[in-house]
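What follows is run-v4.csv (CSV, C-alpha atoms).
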```csv
chain,number,residue,atom,x,y,z
R,1,MET,CA,85.7,43.7,89.3
R,2,ARG,CA,87.1,47.2,89.9
R,3,ARG,CA,84.5,48.0,92.4
R,4,ARG,CA,85.2,44.8,94.4
R,5,GLY,CA,89.0,45.6,94.3
R,6,TRP,CA,88.3,49.1,95.7
R,7,ILE,CA,86.2,47.8,98.5
R,8,GLY,CA,88.8,45.2,99.4
R,9,SER,CA,91.5,47.9,99.7
R,10,ALA,CA,89.2,50.1,101.8
R,11,LEU,CA,88.3,47.3,104.1
R,12,ALA,CA,92.0,46.4,104.5
R,13,GLY,CA,92.7,50.0,105.5
R,14,VAL,CA,89.9,50.0,108.1
R,15,THR,CA,91.4,46.8,109.7
R,16,VAL,CA,94.8,48.4,110.0
R,17,VAL,CA,93.4,51.5,111.6
R,18,THR,CA,92.3,49.3,114.5
R,19,LEU,CA,95.7,47.6,114.7
R,20,LEU,CA,97.8,50.8,114.7
R,21,ALA,CA,95.5,53.2,116.6
R,22,GLY,CA,97.3,52.3,119.8
R,23,CYS,CA,100.4,53.9,118.4
R,24,SER,CA,98.8,57.1,117.3
R,25,SER,CA,98.9,59.2,120.5
R,26,GLN,CA,101.7,57.5,122.5
R,27,GLU,CA,104.5,59.6,123.8
R,28,ASN,CA,107.2,56.9,123.5
R,29,ASN,CA,107.8,55.0,120.3
R,30,ALA,CA,110.0,52.3,121.8
R,31,ASP,CA,107.3,49.7,121.6
R,32,ASN,CA,106.5,50.3,117.9
R,33,ALA,CA,106.9,47.3,115.6
R,34,THR,CA,109.5,48.4,113.1
R,35,ARG,CA,111.6,47.2,110.1
R,36,ASP,CA,114.6,48.6,108.4
R,37,PRO,CA,113.5,51.4,106.1
R,38,ALA,CA,112.9,50.3,102.5
R,39,THR,CA,115.6,51.3,100.0
R,40,PRO,CA,115.7,51.3,96.2
R,41,ALA,CA,116.9,48.1,94.6
R,42,ALA,CA,120.4,48.2,93.1
R,43,ALA,CA,119.9,48.8,89.4
R,44,PRO,CA,121.4,46.5,86.8
R,45,ALA,CA,123.5,47.8,84.0
R,46,ALA,CA,121.3,49.6,81.5
R,47,THR,CA,120.2,47.5,78.5
R,48,ALA,CA,118.3,50.2,76.6
R,49,ALA,CA,119.3,53.7,75.7
R,50,PRO,CA,117.5,56.3,78.0
R,51,ALA,CA,114.6,58.1,76.4
R,52,GLY,CA,115.0,61.8,75.7
R,53,GLU,CA,118.3,63.6,76.4
R,54,VAL,CA,121.0,62.9,79.0
R,55,THR,CA,123.5,65.4,80.2
R,56,PRO,CA,126.5,64.5,82.4
R,57,SER,CA,126.0,64.8,86.1
R,58,THR,CA,127.4,63.9,89.5
R,59,PRO,CA,125.2,61.4,91.4
R,60,ILE,CA,121.7,62.7,92.1
R,61,SER,CA,119.7,61.7,95.1
R,62,LEU,CA,116.8,64.2,94.9
R,63,LEU,CA,115.1,66.4,92.4
R,64,VAL,CA,112.5,69.2,92.5
R,65,SER,CA,111.4,71.7,89.9
R,66,GLU,CA,110.5,75.1,91.2
R,67,PRO,CA,107.5,76.4,89.0
R,68,ALA,CA,107.8,80.1,89.7
R,69,THR,CA,111.4,80.4,88.4
R,70,GLY,CA,111.8,77.3,86.2
R,71,ILE,CA,114.8,76.3,88.3
R,72,LEU,CA,115.6,72.6,88.6
R,73,ALA,CA,117.1,71.7,92.0
R,74,ALA,CA,119.2,68.6,92.4
R,75,ALA,CA,120.7,67.2,95.6
R,76,THR,CA,124.1,65.9,94.6
R,77,ILE,CA,127.7,65.3,95.8
R,78,VAL,CA,130.7,67.2,94.3
R,79,GLY,CA,133.9,65.5,95.5
R,80,ASP,CA,132.9,64.6,99.0
R,81,ALA,CA,130.8,67.7,99.6
R,82,PRO,CA,126.9,67.8,99.4
R,83,VAL,CA,125.5,70.6,97.3
R,84,LEU,CA,122.2,71.7,95.9
R,85,ARG,CA,122.7,72.3,92.2
R,86,LEU,CA,120.4,74.9,90.7
R,87,THR,CA,119.9,74.8,87.0
R,88,ASP,CA,118.0,77.5,85.0
R,89,ASN,CA,115.7,75.8,82.6
R,90,ALA,CA,113.5,78.9,82.1
R,91,THR,CA,115.8,80.7,79.7
R,92,PRO,CA,116.2,78.9,76.3
R,93,GLY,CA,119.9,78.0,75.7
R,94,ASN,CA,121.0,79.2,79.1
R,95,HIS,CA,121.0,76.3,81.5
R,96,LYS,CA,123.2,78.2,83.9
R,97,THR,CA,124.0,76.1,87.0
R,98,THR,CA,124.8,77.3,90.6
R,99,ASP,CA,126.1,75.0,93.4
R,100,VAL,CA,124.8,75.9,96.8
R,101,PRO,CA,127.0,74.2,99.6
R,102,LEU,CA,124.9,72.2,102.1
R,103,PRO,CA,125.9,71.6,105.8
R,104,GLY,CA,125.0,67.9,105.4
R,105,ARG,CA,123.4,65.5,103.0
R,106,ALA,CA,119.8,66.5,102.0
R,107,ALA,CA,117.2,64.1,103.2
R,108,SER,CA,114.4,65.7,101.2
R,109,LEU,CA,113.5,68.7,98.9
R,110,ALA,CA,110.2,70.4,98.9
R,111,LEU,CA,108.6,73.5,97.4
R,112,GLY,CA,108.3,76.5,99.8
R,113,LYS,CA,106.6,79.8,99.0
R,114,PRO,CA,106.8,80.9,95.3
R,115,GLY,CA,110.5,81.0,94.3
R,116,GLU,CA,111.7,79.0,97.3
R,117,ILE,CA,113.0,75.5,97.8
R,118,LEU,CA,113.0,73.8,101.3
R,119,VAL,CA,115.9,71.5,102.1
R,120,ALA,CA,115.9,69.1,105.0
R,121,VAL,CA,119.4,68.5,106.4
R,122,PRO,CA,120.6,67.3,109.8
R,123,GLY,CA,119.7,70.0,112.4
R,124,LYS,CA,118.3,72.5,109.9
R,125,ILE,CA,115.7,73.5,107.4
R,126,LEU,CA,117.2,75.5,104.6
R,127,ARG,CA,115.1,78.0,102.7
R,128,VAL,CA,116.9,78.5,99.4
R,129,ASP,CA,115.9,81.3,97.0
R,130,ALA,CA,115.9,79.5,93.7
R,131,ALA,CA,116.7,82.6,91.6
R,132,SER,CA,119.4,84.2,93.8
R,133,ALA,CA,120.7,81.0,95.5
R,134,LYS,CA,120.6,82.9,98.8
R,135,VAL,CA,120.0,80.6,101.8
R,136,GLY,CA,118.1,81.1,105.1
R,137,GLU,CA,118.3,78.7,107.9
R,138,ILE,CA,115.9,77.4,110.6
R,139,THR,CA,117.8,75.5,113.3
R,140,ILE,CA,116.0,72.3,114.5
R,141,ASP,CA,116.9,70.2,117.5
R,142,GLY,CA,117.1,66.9,115.6
R,143,ASP,CA,117.8,65.2,112.3
R,144,VAL,CA,115.3,66.6,109.8
R,145,HIS,CA,114.1,64.0,107.3
R,146,ALA,CA,111.2,65.9,105.8
R,147,VAL,CA,109.6,69.4,105.6
R,148,ALA,CA,106.4,70.7,104.0
R,149,LEU,CA,104.8,74.1,103.6
R,150,ARG,CA,101.2,74.5,104.8
R,151,PRO,CA,98.6,76.7,103.0
R,152,ASP,CA,98.9,79.3,105.7
R,153,GLY,CA,102.6,79.7,105.3
R,154,SER,CA,103.6,77.7,108.4
R,155,LEU,CA,105.8,74.6,108.2
R,156,VAL,CA,105.8,70.9,109.2
R,157,ALA,CA,109.0,69.1,109.9
R,158,GLY,CA,109.5,65.3,110.3
R,159,LEU,CA,112.5,64.1,112.3
R,160,ALA,CA,114.5,60.9,112.3
R,161,ASN,CA,113.4,60.1,115.8
R,162,GLY,CA,109.7,60.1,114.8
R,163,LYS,CA,108.8,63.6,116.1
R,164,VAL,CA,106.6,65.9,114.0
R,165,LEU,CA,107.2,69.6,114.5
R,166,LEU,CA,104.6,72.3,113.7
R,167,LEU,CA,106.4,75.6,113.1
R,168,ASP,CA,105.4,79.2,112.5
R,169,ALA,CA,106.5,80.7,109.2
R,170,ASP,CA,109.5,82.2,111.0
R,171,GLY,CA,110.6,78.8,112.3
R,172,THR,CA,109.3,79.0,115.8
R,173,VAL,CA,108.3,75.6,117.1
R,174,ARG,CA,104.7,75.7,118.3
R,175,HIS,CA,103.9,72.0,118.7
R,176,SER,CA,105.9,68.8,118.9
R,177,ILE,CA,104.1,65.5,118.4
R,178,SER,CA,105.7,62.2,119.3
R,179,GLY,CA,104.8,58.5,118.7
R,180,LEU,CA,106.2,57.6,115.3
R,181,SER,CA,109.4,55.7,114.8
R,182,SER,CA,110.6,58.0,112.0
R,183,ALA,CA,108.9,60.8,110.2
R,184,ASP,CA,110.3,60.5,106.7
R,185,ALA,CA,107.9,62.3,104.3
R,186,VAL,CA,105.3,64.9,105.0
R,187,GLU,CA,102.4,66.2,102.8
R,188,ALA,CA,100.3,69.2,103.8
R,189,GLY,CA,99.3,70.8,100.6
R,190,ASP,CA,95.5,70.8,101.3
R,191,GLY,CA,95.9,71.6,105.0
R,192,ALA,CA,95.7,68.0,106.3
R,193,VAL,CA,99.1,66.9,107.5
R,194,VAL,CA,99.9,63.3,106.6
R,195,VAL,CA,103.3,61.7,107.5
R,196,LEU,CA,105.0,58.6,106.2
R,197,ASP,CA,106.9,56.5,108.7
R,198,ARG,CA,109.3,54.2,106.8
R,199,ARG,CA,110.3,52.2,109.9
R,200,GLN,CA,106.7,51.3,110.6
R,201,THR,CA,105.8,51.3,106.9
R,202,ALA,CA,102.7,53.3,107.8
R,203,ILE,CA,101.1,56.7,107.1
R,204,VAL,CA,99.4,58.7,109.7
R,205,GLN,CA,97.3,61.9,109.7
R,206,LEU,CA,97.7,64.4,112.5
R,207,ASP,CA,94.7,65.0,114.7
R,208,GLY,CA,94.9,68.8,115.1
R,209,THR,CA,98.0,70.2,116.6
R,210,SER,CA,98.5,67.9,119.6
R,211,LYS,CA,98.5,64.3,118.6
R,212,LEU,CA,98.6,61.6,115.9
R,213,GLY,CA,95.3,60.6,114.4
R,214,LEU,CA,94.3,57.7,112.2
R,215,SER,CA,97.1,55.4,110.9
R,216,LEU,CA,97.2,53.0,108.0
R,217,ARG,CA,99.7,50.3,107.1
R,218,ALA,CA,101.5,51.3,103.9
R,219,GLY,CA,102.3,48.0,102.2
R,220,ASP,CA,105.4,45.9,103.1
R,221,GLY,CA,108.0,48.6,102.9
R,222,ALA,CA,106.9,52.1,101.9
R,223,SER,CA,109.7,54.5,100.8
R,224,ASN,CA,108.2,57.8,99.3
R,225,MET,CA,105.0,59.8,99.3
R,226,ILE,CA,103.8,62.8,97.3
R,227,GLY,CA,100.5,64.7,97.2
R,228,ASP,CA,98.5,65.9,94.2
R,229,HIS,CA,96.0,68.8,93.7
R,230,PHE,CA,93.1,66.4,94.3
R,231,GLY,CA,94.2,65.8,97.9
R,232,ARG,CA,95.4,62.3,97.3
R,233,ARG,CA,98.6,60.9,98.9
R,234,ILE,CA,100.5,58.6,96.6
R,235,VAL,CA,103.0,56.1,98.1
R,236,THR,CA,105.5,53.7,96.7
R,237,ASP,CA,105.6,50.4,98.5
R,238,THR,CA,109.1,49.5,97.4
R,239,ALA,CA,109.3,46.2,99.2
R,240,GLY,CA,105.8,45.1,98.1
R,241,GLN,CA,106.3,46.5,94.6
R,242,GLU,CA,103.0,48.4,94.6
R,243,LEU,CA,101.6,51.8,94.1
R,244,LEU,CA,99.2,52.9,96.9
R,245,VAL,CA,96.8,55.8,96.7
R,246,TYR,CA,95.1,57.4,99.8
R,247,THR,CA,92.9,60.3,100.6
R,248,ALA,CA,92.9,62.2,103.9
R,249,ASP,CA,90.1,63.5,106.1
R,250,PRO,CA,89.5,60.7,106.8
R,251,LEU,CA,92.6,58.7,105.9
R,252,VAL,CA,91.4,55.9,103.5
R,253,LEU,CA,93.3,53.6,101.1
R,254,HIS,CA,91.5,53.8,97.7
R,255,GLN,CA,93.8,52.1,95.2
R,256,ARG,CA,96.5,49.5,95.4
R,257,PHE,CA,98.2,48.3,92.3
R,258,PRO,CA,101.3,46.1,91.5
R,259,VAL,CA,103.9,47.9,89.5
R,260,GLY,CA,107.0,45.6,90.0
R,261,SER,CA,110.7,46.2,89.7
R,262,SER,CA,111.2,48.1,93.0
R,263,PRO,CA,109.1,51.3,92.6
R,264,TYR,CA,110.8,54.2,94.4
R,265,ALA,CA,110.7,57.9,93.3
R,266,LEU,CA,107.4,59.7,92.5
R,267,ALA,CA,106.3,62.8,90.5
R,268,TYR,CA,102.9,64.1,89.5
R,269,ASP,CA,102.2,65.8,86.2
R,270,GLN,CA,99.2,68.0,86.8
R,271,ARG,CA,99.0,68.9,83.1
R,272,SER,CA,98.2,65.3,82.1
R,273,GLU,CA,96.9,64.1,85.5
R,274,THR,CA,99.6,61.3,85.5
R,275,VAL,CA,101.7,60.0,88.3
R,276,TRP,CA,105.2,58.9,87.3
R,277,VAL,CA,107.1,56.2,89.2
R,278,THR,CA,110.7,55.2,88.8
R,279,LEU,CA,111.5,51.5,88.9
R,280,THR,CA,115.1,51.0,90.0
R,281,GLY,CA,115.0,47.3,89.5
R,282,SER,CA,114.6,47.7,85.7
R,283,ASN,CA,115.9,51.3,85.0
R,284,GLU,CA,112.4,52.6,83.9
R,285,VAL,CA,109.9,55.3,84.6
R,286,VAL,CA,106.2,54.4,84.3
R,287,GLY,CA,103.2,56.7,84.1
R,288,TYR,CA,99.8,55.9,85.5
R,289,ASP,CA,96.4,57.5,85.1
R,290,LEU,CA,94.6,57.4,88.5
R,291,SER,CA,91.2,58.7,87.4
R,292,THR,CA,89.5,55.3,87.3
R,293,GLY,CA,89.2,52.7,90.0
R,294,ILE,CA,92.6,51.2,89.2
R,295,PRO,CA,95.8,52.8,87.9
R,296,VAL,CA,96.1,52.6,84.1
R,297,GLU,CA,99.5,52.6,82.6
R,298,VAL,CA,99.9,55.4,80.0
R,299,GLY,CA,103.7,55.4,79.4
R,300,ARG,CA,106.9,53.5,80.0
R,301,TYR,CA,110.4,54.8,79.2
R,302,PRO,CA,114.0,53.5,79.8
R,303,THR,CA,116.0,55.7,82.1
R,304,VAL,CA,119.5,56.4,83.2
R,305,ARG,CA,120.9,53.8,85.6
R,306,GLN,CA,119.6,53.8,89.2
R,307,PRO,CA,116.8,56.4,88.7
R,308,ASN,CA,116.4,57.4,92.4
R,309,ALA,CA,114.9,60.8,91.6
R,310,VAL,CA,112.3,62.2,89.3
R,311,THR,CA,110.4,65.5,89.0
R,312,ILE,CA,108.1,67.3,86.5
R,313,ASP,CA,108.6,70.9,85.3
R,314,GLY,CA,105.1,72.3,85.9
R,315,ARG,CA,105.6,75.0,83.4
R,316,THR,CA,106.6,72.8,80.4
R,317,GLY,CA,105.6,69.3,81.5
R,318,ASP,CA,109.1,68.1,80.9
R,319,MET,CA,110.2,65.2,83.1
R,320,PHE,CA,113.7,65.0,84.7
R,321,VAL,CA,115.2,61.7,86.1
R,322,GLY,CA,118.4,61.7,88.1
R,323,SER,CA,120.9,58.8,88.3
R,324,ALA,CA,122.2,58.0,91.8
R,325,THR,CA,125.2,56.3,90.2
R,326,GLY,CA,126.4,59.4,88.3
R,327,ASP,CA,125.1,58.2,84.9
R,328,GLY,CA,123.5,61.6,84.1
R,329,LEU,CA,120.5,63.8,84.3
R,330,GLN,CA,117.8,62.7,81.9
R,331,ARG,CA,115.2,65.0,80.3
R,332,ILE,CA,112.1,63.5,78.6
R,333,GLY,CA,110.1,66.3,76.9
R,334,ALA,CA,106.4,66.6,77.3
R,335,ASN,CA,106.0,66.2,73.6
R,336,GLN,CA,107.8,62.8,73.8
R,337,ARG,CA,105.4,61.3,76.2
R,338,LYS,CA,101.9,59.9,75.5
R,339,ARG,CA,100.1,62.0,78.0
R,340,GLY,CA,102.6,64.9,78.5
R,341,GLN,CA,100.7,67.4,76.4
```

Before we go any further, please render this structure as structure tokens.
Amino acid sequence: MRRRGWIGSALAGVTVVTLLAGCSSQENNADNATRDPATPAAAPAATAAPAGEVTPSTPISLLVSEPATGILAAATIVGDAPVLRLTDNATPGNHKTTDVPLPGRAASLALGKPGEILVAVPGKILRVDAASAKVGEITIDGDVHAVALRPDGSLVAGLANGKVLLLDADGTVRHSISGLSSADAVEAGDGAVVVLDRRQTAIVQLDGTSKLGLSLRAGDGASNMIGDHFGRRIVTDTAGQELLVYTADPLVLHQRFPVGSSPYALAYDQRSETVWVTLTGSNEVVGYDLSTGIPVEVGRYPTVRQPNAVTIDGRTGDMFVGSATGDGLQRIGANQRKRGQ
């Protein structure tokens, strides 16, 4: 039965390649069939106490843990001002926090070179030194939705208008690729650049440095995408309430699994080979083992209300979940989770 399900998913992906291939290399995206970008469901009032420990926090929209320094970065709002809050989790008993003012609301956070956090904001890519909180800027002509570091140190930026920019390490734009309706998430950890377009609810792999390559439909309303060290691209289909798993080179859909309750944020725990998904419709975070032909649930925990952000500390395996309604920052220790050892 698992084999038949895998074949069905793969065949569905091949069909969509044919349907979307016409969009892959076009210069103008005006004719693209689009939808409003999927957003997390409004969470109900919490009915269970969150697992682990919860500390007070302003509303958190994004989280990333920087492994070289042990710094936890959270995109948040203090008063009316967007900031990147850096918390030192590497020093026991310290937990010192530093707020880095941002020129606009962060659309995404990503890991840069060791010790660095990349922040996508309107018109800029910020390179934040996690330890010192010093900020470098790369000016971009457009609203930056996503940024990713490539293995050679160069960068990829996705813009709100659908352009994908390939930049040198110093920020010089070398190539600009059009054709998408929006470029909302980028993954390039294994060298293959894959972009999520929320407005087309599709993912596309770049064909070299000059054009879009194969495209696949990503459910009914995809919202987020991460990569893992196996080269998989993992996507939450928020509208379709599914978890989608792809590989690149070539772009193929391998797993498709219903998870329910508006799946949204994603994090991958390399220590336990588990992907964690927040469910904003039920205030939960659920872990899945992807090693077999179908995702297998290995853990489910109640969270803070509106869990729009999640990350894993790669040094300790601890998981952090952020509340977008200001209900706190939740920490679930690795020793508290079934597969967190």

Quick one: residues within 9 Å of segment 49-57 of chain R, only C-alpha atoms, excluding same-chain residues fewer than 4 positions away - as a PDB file with C-alpha atoms, keeping the file's coordinate frame?
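Done, and the output landed in result_33.pdb:
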```
ATOM      1  CA  THR R  76     124.100  65.900  94.600  1.00  0.00           C
ATOM      2  CA  ASN R 283     115.900  51.300  85.000  1.00  0.00           C
ATOM      3  CA  GLU R 284     112.400  52.600  83.900  1.00  0.00           C
ATOM      4  CA  TYR R 301     110.400  54.800  79.200  1.00  0.00           C
ATOM      5  CA  PRO R 302     114.000  53.500  79.800  1.00  0.00           C
ATOM      6  CA  THR R 303     116.000  55.700  82.100  1.00  0.00           C
ATOM      7  CA  VAL R 304     119.500  56.400  83.200  1.00  0.00           C
ATOM      8  CA  ARG R 305     120.900  53.800  85.600  1.00  0.00           C
ATOM      9  CA  GLY R 322     118.400  61.700  88.100  1.00  0.00           C
ATOM     10  CA  SER R 323     120.900  58.800  88.300  1.00  0.00           C
ATOM     11  CA  GLY R 326     126.400  59.400  88.300  1.00  0.00           C
ATOM     12  CA  ASP R 327     125.100  58.200  84.900  1.00  0.00           C
ATOM     13  CA  GLY R 328     123.500  61.600  84.100  1.00  0.00           C
ATOM     14  CA  LEU R 329     120.500  63.800  84.300  1.00  0.00           C
ATOM     15  CA  GLN R 330     117.800  62.700  81.900  1.00  0.00           C
ATOM     16  CA  ARG R 331     115.200  65.000  80.300  1.00  0.00           C
ATOM     17  CA  ILE R 332     112.100  63.500  78.600  1.00  0.00           C
ATOM     18  CA  GLY R 333     110.100  66.300  76.900  1.00  0.00           C
ATOM     19  CA  GLN R 336     107.800  62.800  73.800  1.00  0.00           C
TER      20      GLN R 336
END
```

Residue among R:Arg127, R:Arg105, R:Arg198, R:Arg85 lying closest to Asn161 of chain R, counting all atoms listed in the file: R:Arg198

Which residue is closest to Gly191 of chain R? Choose from R:Leu155, R:Leu214, R:Leu102, R:Leu266 and count all atoms listed in the file. R:Leu155

For Lys96 of chain R, which residue out of R:Arg315, R:Leu290, R:Ala131, R:Val275 is the nearest one, using all atoms listed in the file?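 Smallest distance to Lys96 of chain R is found for R:Ala131.
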
Between atom CA of Ile77 of chain R and atom CA of Pro59 of chain R, what is the spacing in Å?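 Separation between atom CA of Pro59 of chain R and atom CA of Ile77 of chain R: 6.4 Å.
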
Would you kindly return, as a list in words, each protein, DNA or RNA residue with an atom no farther than 10 Å from any atom of Leu62 of chain R, considering only C-alpha atoms and excluding same-chain residues fewer than 3 positions away?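 Answer for this query is Pro59, Ala73, Ala74, Ala75, Thr76, Leu84, Ala106, Ala107, Ser108, Leu109, Ala110, Ala265, Pro307, Asn308, Ala309, Val310, Thr311, Val321, Gly322, Ser323 and Ala324 of chain R.
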
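If all atoms listed in the file are the atoms counted, then among R:Ile71, R:Asp190, R:Asp168, R:Ile140 the closest residue to Phe320 of chain R is R:Ile71.
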
Which is closer to Pro37 of chain R than all the others in R:Asp99, R:Glu273, R:Glu187, R:Asp220, using all atoms listed in the file?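 Of the candidates, the smallest distance to Pro37 of chain R is held by R:Asp220.
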
Give as an mmCIF file with C-alpha atoms, in the frame of the given file each residue that has an atom at most 9 Å from (105.6, 59.2, 99.6) in the file, counting all atoms listed in the file.
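Below you can see result.cif, which holds the result:
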```cif
data_model
loop_
_atom_site.group_PDB
_atom_site.id
_atom_site.type_symbol
_atom_site.label_atom_id
_atom_site.label_comp_id
_atom_site.auth_asym_id
_atom_site.auth_seq_id
_atom_site.Cartn_x
_atom_site.Cartn_y
_atom_site.Cartn_z
ATOM 1 C CA ASP R 184 110.300 60.500 106.700
ATOM 2 C CA ALA R 185 107.900 62.300 104.300
ATOM 3 C CA VAL R 186 105.300 64.900 105.000
ATOM 4 C CA GLU R 187 102.400 66.200 102.800
ATOM 5 C CA VAL R 195 103.300 61.700 107.500
ATOM 6 C CA LEU R 196 105.000 58.600 106.200
ATOM 7 C CA ALA R 222 106.900 52.100 101.900
ATOM 8 C CA SER R 223 109.700 54.500 100.800
ATOM 9 C CA ASN R 224 108.200 57.800 99.300
ATOM 10 C CA MET R 225 105.000 59.800 99.300
ATOM 11 C CA ILE R 226 103.800 62.800 97.300
ATOM 12 C CA GLY R 227 100.500 64.700 97.200
ATOM 13 C CA ARG R 233 98.600 60.900 98.900
ATOM 14 C CA ILE R 234 100.500 58.600 96.600
ATOM 15 C CA VAL R 235 103.000 56.100 98.100
ATOM 16 C CA THR R 236 105.500 53.700 96.700
ATOM 17 C CA ASP R 237 105.600 50.400 98.500
ATOM 18 C CA TYR R 264 110.800 54.200 94.400
ATOM 19 C CA ALA R 265 110.700 57.900 93.300
ATOM 20 C CA LEU R 266 107.400 59.700 92.500
#
```

Exercise: segment 261-263 of chain R partners within 6 Å, only C-alpha atoms, chain neighbours under 6 positions left out, as a compact mmCIF listing (two decimals) with C-alpha atoms, in the coordinates of the input:
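Listed below is the output, part03.txt:
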```txt
# COMPACT_ATOMS: atom_id res chain seq x y z
CA ALA R 41 116.90 48.10 94.60
CA THR R 236 105.50 53.70 96.70
CA THR R 238 109.10 49.50 97.40
CA GLN R 241 106.30 46.50 94.60
CA THR R 278 110.70 55.20 88.80
CA LEU R 279 111.50 51.50 88.90
CA THR R 280 115.10 51.00 90.00
CA GLY R 281 115.00 47.30 89.50
CA SER R 282 114.60 47.70 85.70
```

In Å, with one decimal, what is the gap from atom CA of Thr274 of chain R to atom CA of Val119 of chain R?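 According to the coordinates, atom CA of Thr274 of chain R and atom CA of Val119 of chain R are separated by 25.4 Å.
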
So which one's closest to Leu72 of chain R, R:Ser182, R:Ala130, R:Pro122, R:Ser272? Using only C-alpha atoms, please.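 Answer, going by the shortest atom-to-atom distance: R:Ala130.
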
Expressed in Å to a single decimal, how great is the separation between atom CA of Ser181 of chain R and atom CA of Ala148 of chain R?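 That distance, rounded to one decimal, is 18.7 Å.
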
Counting all atoms listed in the file, what is within 6 Å of Ala157 of chain R, bar same-chain residues fewer than 5 positions away, as a ChimeraX atom specification? /R:146-147,164-165
